[in-house]
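Trainee: Once you've had a glance at the structure underneath, I'll fire off some questions.
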Amino acid sequence: MRAICNVKLTMTPTCLPRIVLPEQQEGDLLYIPMMWWHATLGLGENVGISGQFHRHAGRILRDAVAAGERGDINTALDGYRFMLETHSDEIEANIFGGASVNAAVLLLKAGRFNEAQRVAETLMAGGGPLALLPTSERERLAAAGLEISQRVTNRVDTENNPVQQID
């Protein structure tokens, strides 16, 4: 079996991906990464096998946000922690960043300042999945991390002085 890989998308001047048309031969395997739009066309006798994987991270994130909105901070934090620690490979970098900010805000509300500071430092460093983001998005998350860090230092009440959570 031959694997067709390293197919690279190039961006056109209008910032739309160029269409890639790999032609498979007998025994070839084509892997399409998560979140890539695609279509297939069989040009003769063939067998196609595909699969979709249920992403648990979306459900976990929805549950964490809902718990935070109803004031159940511990349940929300458990959800964010579980998602960020065990499903980080399923979520896009911008979602990872937003969930990190939301978790840090909840940690501040719960008075868990050391944990909030660790999250803030991750956001300010812009490493890990955040390194994949455009510079402007990394800068926005770093600014949120800096604000959280300052609130940790000053022990600012987030109920009366809210940090903007990221959708």
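Each chain of the structure tokens is named A, B, ... in the order shown, its residues numbered from 1; ligands are numbered from 1 in display order.
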Name the residues in contact with Asn102 in chain A at a cut-off of 12 Å, using only C-alpha atoms, excluding same-chain residues fewer than 2 positions from it; report them as number ranges by chain.
Mentor: A: 61, 64-69, 73, 76-77, 79-81, 84, 95-100, 104-109, 116, 119-120, 123, 141, 144-145, 148, 158, 162-167
Trainee: Report, in Å to a single decimal, how far apart CA of Val20 in chain A and CA of His38 in chain A are.
Mentor: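 Going from CA of His38 in chain A over to CA of Val20 in chain A, I get 9.5 Å.
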Trainee: Let's see if you can do this: from backbone DSSP, list all alpha helix (DSSP H) residues in range 28-144 of chain A, as a ChimeraX atom specification.
Mentor: /A:56-69,73-86,93-109,113-125,135-144
Trainee: Enter the distance from CA of Pro134 in chain A to CA of Glu92 in chain A, in Å, rounded to one decimal.
Mentor: 12.5 Å
Trainee: Between A:Asp63, A:Gln117, A:Thr75, A:Leu132, which has the minimum distance to Asn94 in chain A (counting only C-alpha atoms)?
Mentor: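 The answer is A:Leu132, which sits nearest to Asn94 in chain A.
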Trainee: Quick check, in Å to one decimal: how far apart do CA of Trp36 in chain A and CA of Phe82 in chain A lie?
Mentor: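 Between CA of Trp36 in chain A and CA of Phe82 in chain A the gap works out to 25.6 Å.
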Trainee: Could you pull out the strand (DSSP E) residues of range 1-155 of chain A, going by DSSP on the backbone, and write them as a list of chain:residue names?
Mentor: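 Written out, the strand (DSSP E) residues of range 1-155 of chain A are A:Arg2, A:Ala3, A:Ile4, A:Asp28, A:Leu29, A:Leu30.
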Trainee: Using only C-alpha atoms, can you tell me which of A:Gly48, A:Gly27, A:Gly111, A:Gly58 comes closest to Val152 in chain A?
Mentor: A:Gly111
